[in-house]
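Q: Got a structure for you, entry_34.cif, holding mmCIF, C-alpha atoms; chains and numbers go by the auth columns.
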```cif
data_target
#
loop_
_atom_site.group_PDB
_atom_site.id
_atom_site.type_symbol
_atom_site.label_atom_id
_atom_site.label_comp_id
_atom_site.label_asym_id
_atom_site.label_seq_id
_atom_site.Cartn_x
_atom_site.Cartn_y
_atom_site.Cartn_z
_atom_site.B_iso_or_equiv
_atom_site.auth_seq_id
_atom_site.auth_asym_id
ATOM 1 C CA LEU A 1 79.401 58.511 87.881 0.00 1 D
ATOM 2 C CA TYR A 2 81.456 58.550 91.086 0.00 2 D
ATOM 3 C CA ARG A 3 79.933 58.577 94.575 0.00 3 D
ATOM 4 C CA PRO A 4 81.162 58.927 98.139 0.00 4 D
ATOM 5 C CA GLY A 5 80.273 56.133 100.523 0.00 5 D
ATOM 6 C CA GLY A 6 76.901 56.382 102.232 0.00 6 D
ATOM 7 C CA ALA A 7 73.364 57.252 101.238 0.00 7 D
ATOM 8 C CA GLY A 8 73.782 61.016 101.062 0.00 8 D
ATOM 9 C CA PRO A 9 72.378 63.220 99.798 0.00 9 D
ATOM 10 C CA PHE A 10 75.601 64.908 98.708 0.00 10 D
ATOM 11 C CA PRO A 11 76.366 68.041 96.679 0.00 11 D
ATOM 12 C CA ALA A 12 77.586 67.176 93.203 0.00 12 D
ATOM 13 C CA ILE A 13 80.035 68.321 90.554 0.00 13 D
ATOM 14 C CA VAL A 14 79.960 67.944 86.773 0.00 14 D
ATOM 15 C CA LEU A 15 83.451 67.207 85.416 0.00 15 D
ATOM 16 C CA ALA A 16 84.110 68.306 81.817 0.00 16 D
ATOM 17 C CA HIS A 17 87.029 66.400 80.258 0.00 17 D
ATOM 18 C CA THR A 18 89.868 67.721 78.098 0.00 18 D
ATOM 19 C CA CYS A 19 90.186 67.546 74.307 0.00 19 D
ATOM 20 C CA GLY A 20 91.489 64.012 74.834 0.00 20 D
ATOM 21 C CA GLY A 21 88.142 62.766 76.101 0.00 21 D
ATOM 22 C CA VAL A 22 87.495 60.786 79.270 0.00 22 D
ATOM 23 C CA SER A 23 90.942 59.727 80.482 0.00 23 D
ATOM 24 C CA ASP A 24 93.218 59.071 83.458 0.00 24 D
ATOM 25 C CA HIS A 25 93.130 62.819 84.082 0.00 25 D
ATOM 26 C CA THR A 26 89.333 62.662 84.371 0.00 26 D
ATOM 27 C CA ASP A 27 89.558 59.732 86.766 0.00 27 D
ATOM 28 C CA MET A 28 92.170 61.522 88.900 0.00 28 D
ATOM 29 C CA TRP A 29 89.979 64.574 89.318 0.00 29 D
ATOM 30 C CA ALA A 30 86.794 62.583 89.886 0.00 30 D
ATOM 31 C CA LYS A 31 88.386 60.617 92.725 0.00 31 D
ATOM 32 C CA ARG A 32 89.805 63.813 94.228 0.00 32 D
ATOM 33 C CA LEU A 33 86.388 65.477 94.203 0.00 33 D
ATOM 34 C CA VAL A 34 84.720 62.403 95.701 0.00 34 D
ATOM 35 C CA GLY A 35 87.320 62.571 98.454 0.00 35 D
ATOM 36 C CA TRP A 36 86.064 66.078 99.194 0.00 36 D
ATOM 37 C CA GLY A 37 82.524 64.750 99.606 0.00 37 D
ATOM 38 C CA TYR A 38 80.930 65.258 96.196 0.00 38 D
ATOM 39 C CA VAL A 39 79.071 63.040 93.764 0.00 39 D
ATOM 40 C CA VAL A 40 80.811 63.451 90.395 0.00 40 D
ATOM 41 C CA LEU A 41 79.372 62.986 86.923 0.00 41 D
ATOM 42 C CA ALA A 42 81.872 63.035 84.038 0.00 42 D
ATOM 43 C CA PRO A 43 79.887 62.903 80.789 0.00 43 D
ATOM 44 C CA ASP A 44 81.632 61.720 77.625 0.00 44 D
ATOM 45 C CA SER A 45 81.128 64.543 75.137 0.00 45 D
ATOM 46 C CA PHE A 46 82.960 62.877 72.264 0.00 46 D
ATOM 47 C CA GLY A 47 82.113 59.165 72.009 0.00 47 D
ATOM 48 C CA PRO A 48 78.384 59.668 71.364 0.00 48 D
ATOM 49 C CA ARG A 49 79.316 62.217 68.680 0.00 49 D
ATOM 50 C CA GLY A 50 81.628 59.783 66.922 0.00 50 D
ATOM 51 C CA GLU A 51 84.907 61.306 68.111 0.00 51 D
ATOM 52 C CA LYS A 52 87.709 59.934 70.287 0.00 52 D
ATOM 53 C CA ASN A 53 89.520 63.222 70.798 0.00 53 D
ATOM 54 C CA VAL A 54 89.390 66.652 69.205 0.00 54 D
ATOM 55 C CA CYS A 55 92.834 67.977 70.160 0.00 55 D
ATOM 56 C CA SER A 56 93.706 68.803 66.546 0.00 56 D
ATOM 57 C CA LYS A 57 90.158 69.876 65.602 0.00 57 D
ATOM 58 C CA GLY A 58 88.685 71.555 68.662 0.00 58 D
ATOM 59 C CA ASN A 59 85.634 73.002 66.927 0.00 59 D
ATOM 60 C CA VAL A 60 84.326 69.640 65.689 0.00 60 D
ATOM 61 C CA VAL A 61 82.744 69.369 69.128 0.00 61 D
ATOM 62 C CA SER A 62 82.866 72.926 70.434 0.00 62 D
ATOM 63 C CA GLY A 63 82.587 74.288 73.940 0.00 63 D
ATOM 64 C CA ASN A 64 79.205 75.695 72.937 0.00 64 D
ATOM 65 C CA MET A 65 77.988 72.240 71.906 0.00 65 D
ATOM 66 C CA ARG A 66 79.135 70.741 75.191 0.00 66 D
ATOM 67 C CA VAL A 67 76.984 73.153 77.211 0.00 67 D
ATOM 68 C CA ALA A 68 74.081 70.832 76.347 0.00 68 D
ATOM 69 C CA ASP A 69 75.990 67.984 78.006 0.00 69 D
ATOM 70 C CA VAL A 70 76.434 70.066 81.154 0.00 70 D
ATOM 71 C CA ALA A 71 72.726 70.919 81.164 0.00 71 D
ATOM 72 C CA GLY A 72 71.831 67.242 80.808 0.00 72 D
ATOM 73 C CA ALA A 73 74.229 66.315 83.590 0.00 73 D
ATOM 74 C CA LEU A 74 72.651 68.913 85.883 0.00 74 D
ATOM 75 C CA ASP A 75 69.176 67.570 85.170 0.00 75 D
ATOM 76 C CA PHE A 76 70.327 63.989 85.766 0.00 76 D
ATOM 77 C CA LEU A 77 72.030 64.825 89.050 0.00 77 D
ATOM 78 C CA ASN A 78 69.094 66.867 90.331 0.00 78 D
ATOM 79 C CA ALA A 79 66.857 63.833 89.811 0.00 79 D
ATOM 80 C CA GLN A 80 68.992 61.470 91.921 0.00 80 D
ATOM 81 C CA PRO A 81 67.954 60.793 95.538 0.00 81 D
ATOM 82 C CA PHE A 82 71.612 60.766 96.638 0.00 82 D
ATOM 83 C CA VAL A 83 72.256 64.306 95.318 0.00 83 D
ATOM 84 C CA GLN A 84 71.365 67.568 97.054 0.00 84 D
ATOM 85 C CA ARG A 85 69.143 69.179 94.473 0.00 85 D
ATOM 86 C CA GLY A 86 70.436 72.557 93.326 0.00 86 D
ATOM 87 C CA LYS A 87 73.849 72.114 94.957 0.00 87 D
ATOM 88 C CA ILE A 88 75.937 71.403 91.880 0.00 88 D
ATOM 89 C CA GLY A 89 79.294 72.707 90.652 0.00 89 D
ATOM 90 C CA LEU A 90 81.147 72.464 87.352 0.00 90 D
ATOM 91 C CA ILE A 91 84.849 71.961 86.696 0.00 91 D
ATOM 92 C CA GLY A 92 86.551 71.641 83.336 0.00 92 D
ATOM 93 C CA HIS A 93 90.091 71.454 81.983 0.00 93 D
ATOM 94 C CA SER A 94 91.349 72.802 78.641 0.00 94 D
ATOM 95 C CA HIS A 95 88.527 72.005 76.164 0.00 95 D
ATOM 96 C CA GLY A 96 86.432 71.318 79.250 0.00 96 D
ATOM 97 C CA GLY A 97 87.556 74.666 80.656 0.00 97 D
ATOM 98 C CA TRP A 98 86.303 76.332 77.478 0.00 98 D
ATOM 99 C CA THR A 99 83.055 74.440 77.998 0.00 99 D
ATOM 100 C CA THR A 100 82.898 75.718 81.574 0.00 100 D
ATOM 101 C CA VAL A 101 83.391 79.372 80.607 0.00 101 D
ATOM 102 C CA ARG A 102 80.663 79.002 77.984 0.00 102 D
ATOM 103 C CA ALA A 103 78.274 77.154 80.304 0.00 103 D
ATOM 104 C CA VAL A 104 78.193 79.943 82.898 0.00 104 D
ATOM 105 C CA GLN A 105 77.017 82.548 80.400 0.00 105 D
ATOM 106 C CA LYS A 106 73.621 83.964 81.311 0.00 106 D
ATOM 107 C CA ALA A 107 72.016 83.045 77.983 0.00 107 D
ATOM 108 C CA TYR A 108 72.230 79.324 78.789 0.00 108 D
ATOM 109 C CA GLY A 109 70.335 79.667 82.069 0.00 109 D
ATOM 110 C CA LEU A 110 72.228 76.960 83.940 0.00 110 D
ATOM 111 C CA ALA A 111 72.044 78.921 87.188 0.00 111 D
ATOM 112 C CA GLN A 112 68.314 78.200 87.096 0.00 112 D
ATOM 113 C CA ARG A 113 69.115 74.493 86.743 0.00 113 D
ATOM 114 C CA GLY A 114 71.037 74.457 90.015 0.00 114 D
ATOM 115 C CA LEU A 115 74.584 75.337 88.913 0.00 115 D
ATOM 116 C CA LYS A 116 76.145 77.199 91.841 0.00 116 D
ATOM 117 C CA ALA A 117 79.886 77.507 91.122 0.00 117 D
ATOM 118 C CA SER A 118 82.465 76.724 88.452 0.00 118 D
ATOM 119 C CA VAL A 119 86.199 76.327 87.943 0.00 119 D
ATOM 120 C CA ALA A 120 87.924 76.510 84.549 0.00 120 D
ATOM 121 C CA TYR A 121 91.494 75.227 84.285 0.00 121 D
ATOM 122 C CA TYR A 122 93.490 76.678 81.356 0.00 122 D
ATOM 123 C CA PRO A 123 90.389 77.447 79.273 0.00 123 D
ATOM 124 C CA SER A 124 89.984 79.215 75.984 0.00 124 D
ATOM 125 C CA CYS A 125 88.643 82.698 76.790 0.00 125 D
ATOM 126 C CA ASN A 126 86.927 85.002 74.305 0.00 126 D
ATOM 127 C CA ALA A 127 86.239 88.642 75.127 0.00 127 D
ATOM 128 C CA ALA A 128 83.562 88.796 72.410 0.00 128 D
ATOM 129 C CA PHE A 129 81.368 86.092 73.946 0.00 129 D
ATOM 130 C CA ASP A 130 82.237 85.414 77.577 0.00 130 D
ATOM 131 C CA THR A 131 81.447 88.575 79.559 0.00 131 D
ATOM 132 C CA HIS A 132 77.892 87.614 80.590 0.00 132 D
ATOM 133 C CA VAL A 133 78.811 85.285 83.460 0.00 133 D
ATOM 134 C CA ASP A 134 75.990 84.679 85.965 0.00 134 D
ATOM 135 C CA VAL A 135 77.518 81.827 88.029 0.00 135 D
ATOM 136 C CA PRO A 136 80.633 82.216 90.217 0.00 136 D
ATOM 137 C CA LEU A 137 83.634 81.379 88.025 0.00 137 D
ATOM 138 C CA LEU A 138 87.296 80.824 88.898 0.00 138 D
ATOM 139 C CA ILE A 139 89.811 80.739 86.034 0.00 139 D
ATOM 140 C CA LEU A 140 93.196 79.085 86.679 0.00 140 D
ATOM 141 C CA ILE A 141 95.810 79.359 83.927 0.00 141 D
ATOM 142 C CA GLY A 142 99.562 79.475 83.373 0.00 142 D
ATOM 143 C CA ASP A 143 101.460 82.347 81.795 0.00 143 D
ATOM 144 C CA LYS A 144 103.631 79.873 79.872 0.00 144 D
ATOM 145 C CA ASP A 145 100.625 78.101 78.340 0.00 145 D
ATOM 146 C CA ASP A 146 101.212 77.939 74.575 0.00 146 D
ATOM 147 C CA TRP A 147 97.925 76.129 73.793 0.00 147 D
ATOM 148 C CA THR A 148 95.320 78.328 75.470 0.00 148 D
ATOM 149 C CA PRO A 149 97.224 81.571 76.045 0.00 149 D
ATOM 150 C CA ALA A 150 96.625 83.363 79.330 0.00 150 D
ATOM 151 C CA ASP A 151 96.459 86.686 77.487 0.00 151 D
ATOM 152 C CA SER A 152 93.071 85.721 76.044 0.00 152 D
ATOM 153 C CA CYS A 153 91.710 85.512 79.593 0.00 153 D
ATOM 154 C CA ARG A 154 93.366 88.807 80.512 0.00 154 D
ATOM 155 C CA LYS A 155 91.644 90.408 77.514 0.00 155 D
ATOM 156 C CA LEU A 156 88.359 88.917 78.694 0.00 156 D
ATOM 157 C CA GLN A 157 88.853 90.475 82.127 0.00 157 D
ATOM 158 C CA ALA A 158 89.807 93.802 80.562 0.00 158 D
ATOM 159 C CA ALA A 159 86.642 93.746 78.449 0.00 159 D
ATOM 160 C CA GLY A 160 84.619 93.762 81.660 0.00 160 D
ATOM 161 C CA PHE A 161 81.986 91.384 82.985 0.00 161 D
ATOM 162 C CA ASP A 162 78.315 92.155 83.570 0.00 162 D
ATOM 163 C CA ARG A 163 78.870 90.925 87.141 0.00 163 D
ATOM 164 C CA PRO A 164 82.596 91.237 87.844 0.00 164 D
ATOM 165 C CA GLU A 165 82.129 90.179 91.461 0.00 165 D
ATOM 166 C CA LEU A 166 81.396 86.641 90.236 0.00 166 D
ATOM 167 C CA VAL A 167 84.681 86.122 88.389 0.00 167 D
ATOM 168 C CA GLY A 168 88.187 85.491 89.677 0.00 168 D
ATOM 169 C CA ALA A 169 91.334 84.568 87.783 0.00 169 D
ATOM 170 C CA VAL A 170 94.759 83.365 88.871 0.00 170 D
ATOM 171 C CA TYR A 171 97.714 83.491 86.489 0.00 171 D
ATOM 172 C CA TYR A 172 100.640 81.243 87.401 0.00 172 D
ATOM 173 C CA PRO A 173 103.922 82.729 86.094 0.00 173 D
ATOM 174 C CA ASN A 174 105.752 79.483 85.300 0.00 174 D
ATOM 175 C CA ALA A 175 102.892 77.118 84.577 0.00 175 D
ATOM 176 C CA ARG A 176 102.206 75.455 81.245 0.00 176 D
ATOM 177 C CA HIS A 177 99.142 73.723 79.890 0.00 177 D
ATOM 178 C CA SER A 178 98.035 70.725 81.983 0.00 178 D
ATOM 179 C CA PHE A 179 99.973 72.052 84.981 0.00 179 D
ATOM 180 C CA ASP A 180 97.746 70.071 87.381 0.00 180 D
ATOM 181 C CA PHE A 181 98.533 66.615 85.964 0.00 181 D
ATOM 182 C CA ASN A 182 101.563 65.043 87.662 0.00 182 D
ATOM 183 C CA VAL A 183 103.064 63.113 84.766 0.00 183 D
ATOM 184 C CA PRO A 184 106.378 63.725 82.926 0.00 184 D
ATOM 185 C CA ASP A 185 106.664 66.844 80.779 0.00 185 D
ATOM 186 C CA ARG A 186 105.634 66.155 77.217 0.00 186 D
ATOM 187 C CA THR A 187 104.689 67.659 73.871 0.00 187 D
ATOM 188 C CA ALA A 188 101.214 67.110 72.452 0.00 188 D
ATOM 189 C CA PHE A 189 99.956 68.385 69.114 0.00 189 D
ATOM 190 C CA GLY A 190 102.853 70.835 68.992 0.00 190 D
ATOM 191 C CA HIS A 191 102.265 72.244 72.481 0.00 191 D
ATOM 192 C CA ARG A 192 104.334 71.845 75.636 0.00 192 D
ATOM 193 C CA LEU A 193 102.578 70.321 78.642 0.00 193 D
ATOM 194 C CA GLY A 194 104.001 70.026 82.105 0.00 194 D
ATOM 195 C CA TYR A 195 103.225 69.661 85.785 0.00 195 D
ATOM 196 C CA ASP A 196 103.921 72.687 87.960 0.00 196 D
ATOM 197 C CA PRO A 197 104.657 71.855 91.628 0.00 197 D
ATOM 198 C CA VAL A 198 103.775 75.377 92.742 0.00 198 D
ATOM 199 C CA ALA A 199 100.668 76.025 90.658 0.00 199 D
ATOM 200 C CA ALA A 200 99.073 72.585 91.029 0.00 200 D
ATOM 201 C CA PRO A 201 98.585 72.527 94.820 0.00 201 D
ATOM 202 C CA ASP A 202 97.610 76.189 94.907 0.00 202 D
ATOM 203 C CA ALA A 203 94.991 75.675 92.216 0.00 203 D
ATOM 204 C CA GLU A 204 93.721 72.554 93.971 0.00 204 D
ATOM 205 C CA ALA A 205 93.304 74.465 97.242 0.00 205 D
ATOM 206 C CA ARG A 206 91.459 77.291 95.475 0.00 206 D
ATOM 207 C CA THR A 207 89.216 74.779 93.721 0.00 207 D
ATOM 208 C CA LYS A 208 88.376 73.060 96.988 0.00 208 D
ATOM 209 C CA ALA A 209 87.647 76.412 98.626 0.00 209 D
ATOM 210 C CA ILE A 210 85.273 77.781 95.999 0.00 210 D
ATOM 211 C CA PHE A 211 83.255 74.575 95.895 0.00 211 D
ATOM 212 C CA ALA A 212 83.110 74.453 99.690 0.00 212 D
ATOM 213 C CA LYS A 213 81.907 78.057 99.767 0.00 213 D
ATOM 214 C CA TYR A 214 79.020 77.547 97.362 0.00 214 D
ATOM 215 C CA LEU A 215 78.149 73.866 97.751 0.00 215 D
ATOM 216 C CA LEU A 216 78.877 72.933 101.359 0.00 216 D
ATOM 217 C CA THR A 217 77.521 75.998 103.166 0.00 217 D
ATOM 218 C CA PRO A 218 73.813 76.865 103.514 0.00 218 D
ATOM 219 C CA ARG A 219 72.743 79.415 100.915 0.00 219 D
#
```
Could I get this structure in the form of structure tokens?
A:
Amino acid sequence: LYRPGGAGPFPAIVLAHTCGGVSDHTDMWAKRLVGWGYVVLAPDSFGPRGEKNVCSKGNVVSGNMRVADVAGALDFLNAQPFVQRGKIGLIGHSHGGWTTVRAVQKAYGLAQRGLKASVAYYPSCNAAFDTHVDVPLLILIGDKDDWTPADSCRKLQAAGFDRPELVGAVYYPNARHSFDFNVPDRTAFGHRLGYDPVAAPDAEARTKAIFAKYLLTPR
């Protein structure tokens, strides 16, 4: 749990970690979001389930399973006196991005729990399951991503959403997986990861803007 200084109440954001679990990447994003004026809750989806990371076995703890963690985080945040009840966003990266795309599906009812906006960085998209979005969703992904291919998100868009006005997607031509994390290029589990100096700041600005639109303005 990360908090801005002061008594609040503040809007809040649930931060869904990557397949590597809670990490330096999680901490980087949490501190960034706090700097924008949000309380941040980053639940550990793996430790309580007996896993450290699931990067080579992503379905052991699936995005669907992690929706329950998001729901619990929403309920926890809504109960805190320093949080603006019903003013909560969700951001996730990679496995957490998959979780985010799943969590905004109408069947889970998280809009009724106060979820107002969401951002999914390089998520897994599935046209068979993910067209029933009922919370504003922004997808940010690189065309050179060889772990969660951008084409799966294009196919999802082509399949059509129940409420297409809620969904936006940005495809960065030269960006790879983990394009927002400013560390040296590397290979992980057979996939190439790398920071993109064009995509990262653009995605950050878009993330800040969507959360400001839905969490900082009266609605």
Q: Mind listing as a VMD selection string all residues within 7 Å of (97.1, 63.9, 83.4), counting only C-alpha atoms?
A: chain D and resid 24 to 25 181 to 183
Q: Give the answer as one residue: which of D:Gly142, D:Pro164, D:Pro149, D:Gly96 has the shortest atom-to-atom distance to Phe179 of chain D, using all atoms listed in the file?
A: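 Once distances to Phe179 of chain D are computed over all atoms listed in the file, the minimum belongs to D:Gly142.
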Q: Grab the atom CA of Thr26 of chain D to atom CA of Ala42 of chain D distance for me, in Å with one decimal place.
A: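 If I compute the distance from atom CA of Thr26 of chain D to atom CA of Ala42 of chain D, I get 7.5 Å.
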Q: What does the distance from atom CA of Lys213 of chain D to atom CA of Lys116 of chain D come to in Å, to one decimal?
A: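 Rounded to one decimal, the two atoms are 9.8 Å apart.
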Q: Please evaluate the PyMOL selection byres ((chain D and resi 76-81) around 10) against the structure above and give the resulting residues as a PyMOL selection string.
A: chain D and resi 1+7-14+39-41+70-75+82-88+113-114
Q: Using only C-alpha atoms, which of D:Ala150, D:Leu115, D:Met65, D:Ala103 sits nearest Gly89 of chain D?
A: D:Leu115
Q: Return as a list in words the set of residues that the PyMOL selection byres ((chain D and resi 5) around 10) yields on the displayed structure.
A: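 Given this file, the PyMOL selection byres ((chain D and resi 5) around 10) evaluates to Tyr2, Arg3, Pro4, Gly6, Ala7, Gly8, Val34, Gly35, Gly37 and Val39 of chain D.
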Q: Can you give me, as JSON, numbers by chain, the residues this file yields under the PyMOL selection byres ((chain D and resi 157) around 12)?
A: {"D": [125, 126, 127, 128, 129, 130, 131, 132, 133, 138, 139, 150, 151, 152, 153, 154, 155, 156, 158, 159, 160, 161, 162, 163, 164, 165, 166, 167, 168, 169, 170]}
Q: Can you work out which one of D:Ser56, D:Thr99, D:Ser62, D:Ser124 has the shortest atom-to-atom distance to His191 of chain D, counting all atoms listed in the file?
A: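 Closest to His191 of chain D of all the choices is D:Ser56.
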Q: Take every atom of segment 198-202 of chain D listed in the file, fit an axis-aligned box around them, add 4 Å per side, and give the centre and edge lengths in Å to one decimal as JSON.
A:
```
{"center_x": 100.7, "center_y": 74.4, "center_z": 92.8, "size_x": 14.2, "size_y": 11.7, "size_z": 12.2}
```
Q: I want to know what sits within 12 Å of Glu51 of chain D, based on only C-alpha atoms, with residues of the same chain fewer than 4 positions away left out; could you give that as a list in words?
A: Cys19, Gly20, Gly21, Val22, Asp44, Ser45, Phe46, Gly47, Cys55, Ser56, Lys57, Gly58, Asn59, Val60 and Val61 of chain D
Q: I need the residue nearest Ile210 of chain D from this list: D:Gly92, D:Trp36, D:Gln112, D:Pro136. Use only C-alpha atoms for the distance.
A: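 When distances to Ile210 of chain D are compared using only C-alpha atoms, the smallest one comes from D:Pro136.
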Q: Using all atoms listed in the file, which of the listed residues (D:Lys106, D:Arg49, D:Arg66, D:His93) sits closest to Asp180 of chain D?
A: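 Result for the nearest residue to Asp180 of chain D: D:His93.
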Q: Go ahead and compute the interatomic distance for atom CA of Tyr108 of chain D and atom CA of His95 of chain D, in Å to one decimal.
A: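 Spanning atom CA of Tyr108 of chain D to atom CA of His95 of chain D is a straight-line distance of 18.1 Å.
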Q: Go through D:Leu140, D:Leu216, D:Tyr38, D:Arg102 one by one, measure the shortest atom-to-atom distance of each to Val67 of chain D using all atoms listed in the file, and give the residue with the smallest value.
A: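 Using all atoms listed in the file, Val67 of chain D sits closest to D:Arg102.
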